[in-house]
Structures are given as structure tokens and as C-alpha cells.
Amino acid sequence: MSSSAPPPADPIAEPAPTPFHRLSDFVALPRIGGLALSADGSRLAVSLQTLDAERKKWQSAIWELDPEGTRPARRLTRSAPGESAPRWAPDGSLLFTSARPDPDAAAEDEPRPALWSLPPGGGEARPVLSRPGGISSFTVAAASGDVVVVAGTMPGGSDPDADQELRKRRKDAGVSAILHEDYPVRYWDHDLGPAAPHLFWAGRPSADEEPVGGTPAVLRDLTPEALPPTGAGDDIALSPDGRSLVRTEEVPDGPAGRRSRLVLTDTADGGTRVLVDDPLADIHSAAFSPDGSQVVCVREAMSSYAEPPDYTLLLVDVAESGARELTAGFDRWPSAPQFAAAGDAVYFLADEDGRHCVFRVDLDGGEPVRLTGDGAYSDLQVARDGGALYALRSAYDSPPLPVRLDPAAPLQDPEPLPGPAAVDRLPGTLQELHATAVDGTRVQSWLVLPEGASAERPAPLVLWVHGGPLMSWNSWSWRWCPWVLAAQGYAVLLPNPALSQGFGQEFVRRGWGEWGDAPYTDLMAAVDAAEQRPDIDATRTAAMGGSFGGYMANWIATQTDRFAAIVTHASLWNLEAFTGTTDAAYYWEKEWGDPFTEPRRYEQHSPHRYVDQIRTPMLVIHGDKDYRVPIGEALALWYGLRKRGVPAKFLYFPDENHWVFTPGNSQVWYETVLAFLAEHVLDEDWERPALL
């Protein structure tokens, strides 16, 4: 890094040992996501993100993979706006969303996300469905090929002409105001309203090009009464025959709270009835059985001041609306359930001891069986002939790669299928580490060691605390990538302290509402264990984290001066102020209570109350579009540090949200973090990143 402008790229520059040694190479690495399996099981599709020609934004294209693992991957789509969310129709056509221009649209029409179709035999993709506000997502019936799309719609705008007219009138009048009549008003990084998601029935798009003068598809609104703030939502599934739609519906839970229930809609007439409604739980993530007679879904018991949430799977009879628990006594949190091809079992995902595993549970009873060993799995696909499962597998030493799984073999570690992207070499090794907490509980961590770390050359250590807090370090992260630090010689410790999931309900309960207690002491125990290793330099250490990890970074700064530097990203600082400004205050108050009537946890665990104890240099990072942890948290922290003369810097992103997504800003993020660590951990001179 240099304080002067960077030199132009040198086409014959010496290649870096790995892409992680040069940040421009790292941010350019292709990234896989969005796995989809065709109905006949012969084709897989993935989305692949790559940098555009100007290296300023990500472009997504769809690639085809061979489920048998013999043919190389091949690219199916290509456009500047990109394509995403691939799904196969039963006729073999590939549906996806894209904002690419419609070649038949008027020149003055502004491109917006629409549903496109690629014919079974290849050729040119064509637009099949659009709405004035764009199409955000869609689902396809596995047997019939019927489609339902999710589209933001103005109040009274079920008819596309009416929707377009309402949007035009606001634009022509220069109106951007939104009148809110319910809570919440924002979500993560965007405002809610005045449009809200509606669900539209589209029928079966033709796989072939329509003749000139063909009639455009007419979308029928299945949820005409949907209103802001949350509308009809987008957690939906169609029965295989397309006759029924199951969706999560948000309903009020107290004056300013929300909870979700499951409703079933007849797609022929729009008639809707409640399928599962539990006043003590959120119900979501539903999937139909192959014959459409049953639904499996997640029941998330709502948290309270005394208890964290708990998760289980429900098996629901569609005709009778009766439900029974499928994973009773399973001390993990199941998610993303799907039926087996024969309909006699359910596959699901759950965290387990620093992994994110595939499980199978039979409908007729028995304990869930863990099918995968190491790694973290997502995008699970079930072959309709029952012969295989497909998923994306990642780990802290592997980015997401497509794999084929045996539907019955326990604790398997599958080989990747040939795909369009992979990381050939890492700048170090991954190890698992265990520590003992002050109460005797085992604390699991991942330890990334740089190449060359040894007793003769011990590596400086960076403690990296995960977000959530109800999650765990278990999978590859492009956003929080420890290998970038390892390439610069740092060892990176990734602990799973109290509140981390995958270690049982009691492990979560240890830190519930007491973030400054067991989570903090667990982290310190993990650091103590790492520092006992001869290949770790205990005299050169730092701590960092984002979101909940940012809270913990702030808390660590108020509790100890053992670290030479602390980096805090999107962090909670003043918990009382945060309560009323976050986008989901009702969820927060379930754990922490009302700060006016139940102030104890705020008084004991809000870092801002202990600002006078901070001595460690801090790098504060925040995005202005972060509505989950609003920018006021960073501003108050920054002022508190400056007022007390604590050595600190503030990296501010006016157009980023809770994360930092754009390639340029991501590179600057890592550059600034590395420069700050170099100054305070390695005792090097501060070098301001060139573009700052």
C-alpha cells in the first residue's frame, strides 16, 4: 500500500503466490451460488459472479454442470446486467431473472428485472414475464411447470397499467415520501413501501419463442390485499401440480411486533386458509411432499427475555391442517427442509460443532441421521429418482463448490463436481482448536495458520469474532475472509463462543441476554488456548469483528488492554439508542427487554457505558445504508473515542449497508484493515490506502 496513486497494471508483473496475496486478485476471484437441478436430473445450473470489464461491479451468469461429473462446465447466459436465480421447468427450459433489455421493448422503456426463459435445446433467451416494478423472485411447480412470481406492487396496482400510472404520478410530482401506518419501516438496507410484494399467478410459460403478435402472459394477483410494510412476502412454494401455494404470512404480534404463520392458497380461485398458526412461534421455510398431500416447515419458537429461540420441523397434513413435530428432542436447529423423492423422509440442514451439515429424518420416526462430515452445505437439491442429492459445499478452507451426495450414506465427504471456479491454493493451513471456558464448557474454534508459522517464526494473532450472534463460524466467507490476513503473515482465530448455534440449546442459553459475560469469557479462553501454541506470538495480537462481532470488539476494548489493536465493523455501541433505531426493534426487545422498564441488561452490557476504560487503538467501520445497525452507533463510538484521545480511525462508506459488497469498496476495506493492523500489531509506519 502506498500514499501515492497506484501504478497502472503491469501485464508482465510477477504473479502472486496465491490470489490472497494481492487484493486486486482476491476481489476478482469468481464466486459460485444458486444451485438448481433439472426435473429429469440430467442438468445442474449455478450462478457465477465475476467482475465486469471495468472491475467496478459484479456480473452474474448461469453455467451448466454435469451431475455425473464427467463433462466440463459450460456457460449458458451472457449479458451486461447479468442473470441470477436459475430454476428448471419440467419441459427442460431454464428460467431466470435478469434486468437485460427486452429486444422488443420500446427504446425509452427502462430495463427492469423480468423473468426470462432459455429453451431446452439452447439458443437465445427471451423475456416471458414482467411487471412495472420488476420481478424479484419466482417459484416453479415441479410437475406442472406452473409459475408464481413475486413483484413489488403499489397499493391498488394489481393491474399493471394502474401500477405503472401510480409510479409515474409520483415520479412526475417529485414525490419520494412514504406514509407508514405500521411497523417496521425499513429492512436491512432498503425502505419498506409504498410498494409491497404481491404474488402473481403466471401459469406455464411456453418453452418456445412465441410467434409475432403473440399475446403477452396475463399475471393474476393471488394476494390483491397485500399492503406495506411486508406485503405477501417471498417465502413461497408451489405444490408439484401447481394447484396450491403455501407461503409465510406476517401478522401483528402486539402493538409493534410481527410474527409469521403459514397459509395455503388455491391458485385457481385465490381462496386462502391458514395452515399453521402458532402465537408462540414463527412458521416458515415450507416445502411440499412429492404427492402434494403434506408440507414440511420450520417452527421457530419465539425468544423471550428468559429463553432464546428454538427450532424444530413440523409435518403438516394439507387437507386437515394437522401438524406433528418431526424432530422432537433434536438439540440442533433444523433449516431448509425438503422431502425425499419417495416422500418417506425429509432432508434438512443444521449447524453441528462448527459444521453446517445435511441430515435425514424418516417420517415414521427415529433420530435424524447426519449425512455429511466436514464442511458447510447449502442449496440442497433432491433428485426426483431418489438416486442422489446435490448441494454446494464450502468450508473455511474451500469456497462453495458443487457436490453430489449419496442420499443414505452417513458422514460422507464428497468430491466436487467439475465447476466453473475453484481456488487452487491457500496461503496457509486450517486447524481445529478447543478450549475450556471458565465454567468448564468446551469452546470450539477454527485456527487459520499462515505458511511458515512455527516455534522459530511464531505468527501474530488476530481474533475474529463472528456476527449473528445466533450463528457460527463454519463456512467460507468472501466478506470475512481470514486467508487475506493469512497471506500477510497473520494467524486468524475464529471461535464459536456462547450464543453460537450448533452446540446445543444450553450453549446458546449461556449467553442469552448476557453478551458481556459468557461470550466474552469464552472468547478470552479461546485466545488463551491459541496463545499457548509455540507457533503463535502472544505479544502481537489484535481483535476484530462485525455486527455482533463488532459489539464484542467494542466490549473487548472496554474490558481488557491485552490486544494491540481492535477493528469494529457495523457494531452495536449504545444499546439503548440502538433499540429504537434498528429495523427490527421488536425482535431485539424480546431478548433485552424494554430499556425503560427492564434496564438491567442495558446497564450491565452496553459498551458505551465503559468508554472511559478504552485504551486500545480502534478502527471503526460502518456503512450509511445499514439499517440493521444504524450509522448512529458508529458516530457515537467515533466521537467517544476522539473526545478521550484514543488513537482511532473511522472508515465510512456512504453507499454500503451492513456488509461491503462492491469490489472497489471491498478492496479498500481490506487495505485499511491491513494497514491499521500493520501499524499497531507489527509496529510499521501507517500507510494510508491510496484511494482514501
# chains A, B, ... in the order shown; residues from 1 in each chain; ligands from 1
>>> residues_around(residues="region 604-609 of chain A", least_positions_apart="4", cutoff="7 Å", atoms="only C-alpha atoms", output="count of residues only")
10
>>> residues_around(residues="Ser98 (chain A)", least_positions_apart="2", cutoff="10 Å", atoms="only C-alpha atoms", output="PDB file with C-alpha atoms, in the first residue's frame")
ATOM      1  CA  SER A  60     -23.718 -12.895 -12.678  1.00  0.00           C
ATOM      2  CA  ALA A  61     -24.032 -15.520 -15.406  1.00  0.00           C
ATOM      3  CA  SER A  79     -25.283 -10.150 -20.712  1.00  0.00           C
ATOM      4  CA  ALA A  80     -24.030  -6.966 -19.083  1.00  0.00           C
ATOM      5  CA  PRO A  81     -26.856  -6.794 -16.482  1.00  0.00           C
ATOM      6  CA  GLY A  82     -26.336 -10.475 -15.670  1.00  0.00           C
ATOM      7  CA  GLU A  83     -28.666 -13.333 -14.777  1.00  0.00           C
ATOM      8  CA  SER A  84     -29.498 -15.000 -11.464  1.00  0.00           C
ATOM      9  CA  ALA A  85     -31.854 -17.358  -9.589  1.00  0.00           C
ATOM     10  CA  LEU A  95     -35.970 -19.812 -16.102  1.00  0.00           C
ATOM     11  CA  PHE A  96     -34.041 -16.969 -14.517  1.00  0.00           C
ATOM     12  CA  ARG A 100     -31.259  -7.240 -19.505  1.00  0.00           C
ATOM     13  CA  PRO A 101     -33.155  -5.158 -22.099  1.00  0.00           C
ATOM     14  CA  PRO A 111     -34.980  -2.214 -18.266  1.00  0.00           C
ATOM     15  CA  ARG A 112     -36.172  -3.798 -15.035  1.00  0.00           C
ATOM     16  CA  PRO A 113     -35.810  -7.294 -13.579  1.00  0.00           C
ATOM     17  CA  ALA A 114     -38.022  -9.690 -15.515  1.00  0.00           C
ATOM     18  CA  LEU A 115     -38.469 -13.438 -15.875  1.00  0.00           C
ATOM     19  CA  TRP A 116     -36.579 -14.910 -18.829  1.00  0.00           C
ATOM     20  CA  PRO A 127     -38.404 -12.468 -21.758  1.00  0.00           C
ATOM     21  CA  GLY A 134     -39.820  -5.640 -11.742  1.00  0.00           C
ATOM     22  CA  ILE A 135     -39.913  -9.272 -10.671  1.00  0.00           C
ATOM     23  CA  SER A 136     -37.857 -10.011  -7.579  1.00  0.00           C
TER      24      SER A 136
END
>>> select_by_dssp(residues="region 45-105 of chain A", states="strand (DSSP E or B)", output="JSON, numbers by chain")
{"A": [45, 46, 47, 48, 49, 50, 51, 58, 59, 60, 61, 62, 63, 64, 65, 74, 75, 83, 84, 85, 86, 87, 88, 94, 95, 96, 97, 98]}
>>> residues_around(residues="Tyr187 (chain A)", least_positions_apart="4", cutoff="10 Å", atoms="only C-alpha atoms", output="PyMOL selection string")
chain A and resi 191-192+229-230+582-584+626-628
>>> residues_around(residues="Val465 (chain A)", least_positions_apart="3", cutoff="8 Å", atoms="only C-alpha atoms", output="ChimeraX atom specification")
/A:494-495,543-546,548-550,552-553
>>> write_last_selection(atoms="C-alpha atoms", output="compact mmCIF listing (two decimals), in the first residue's frame")
# COMPACT_ATOMS: atom_id res chain seq x y z
CA LEU A 494 -12.32 -17.99 14.57
CA PRO A 495 -14.03 -19.05 17.84
CA ALA A 543 -9.22 -8.42 17.78
CA MET A 544 -11.89 -7.67 15.20
CA GLY A 545 -15.49 -8.41 14.37
CA GLY A 546 -18.62 -7.22 12.57
CA PHE A 548 -22.46 -8.89 16.91
CA GLY A 549 -18.75 -9.41 16.39
CA GLY A 550 -18.46 -5.62 16.29
CA MET A 552 -17.87 -7.93 21.04
CA ALA A 553 -14.92 -5.94 19.64
>>> closest_residue(among="A:Asp528, A:Asp397, A:Asp379, A:Asp172", to="Asp424 (chain A)", atoms="only C-alpha atoms")
A:Asp397
>>> closest_residue(among="A:Thr312, A:Ala36, A:Val276, A:Val27", to="Ala336 (chain A)", atoms="only C-alpha atoms")
A:Thr312
>>> closest_residue(among="A:Leu199, A:Leu275, A:Ala437, A:Ala421", to="Ile32 (chain A)", atoms="only C-alpha atoms")
A:Ala421
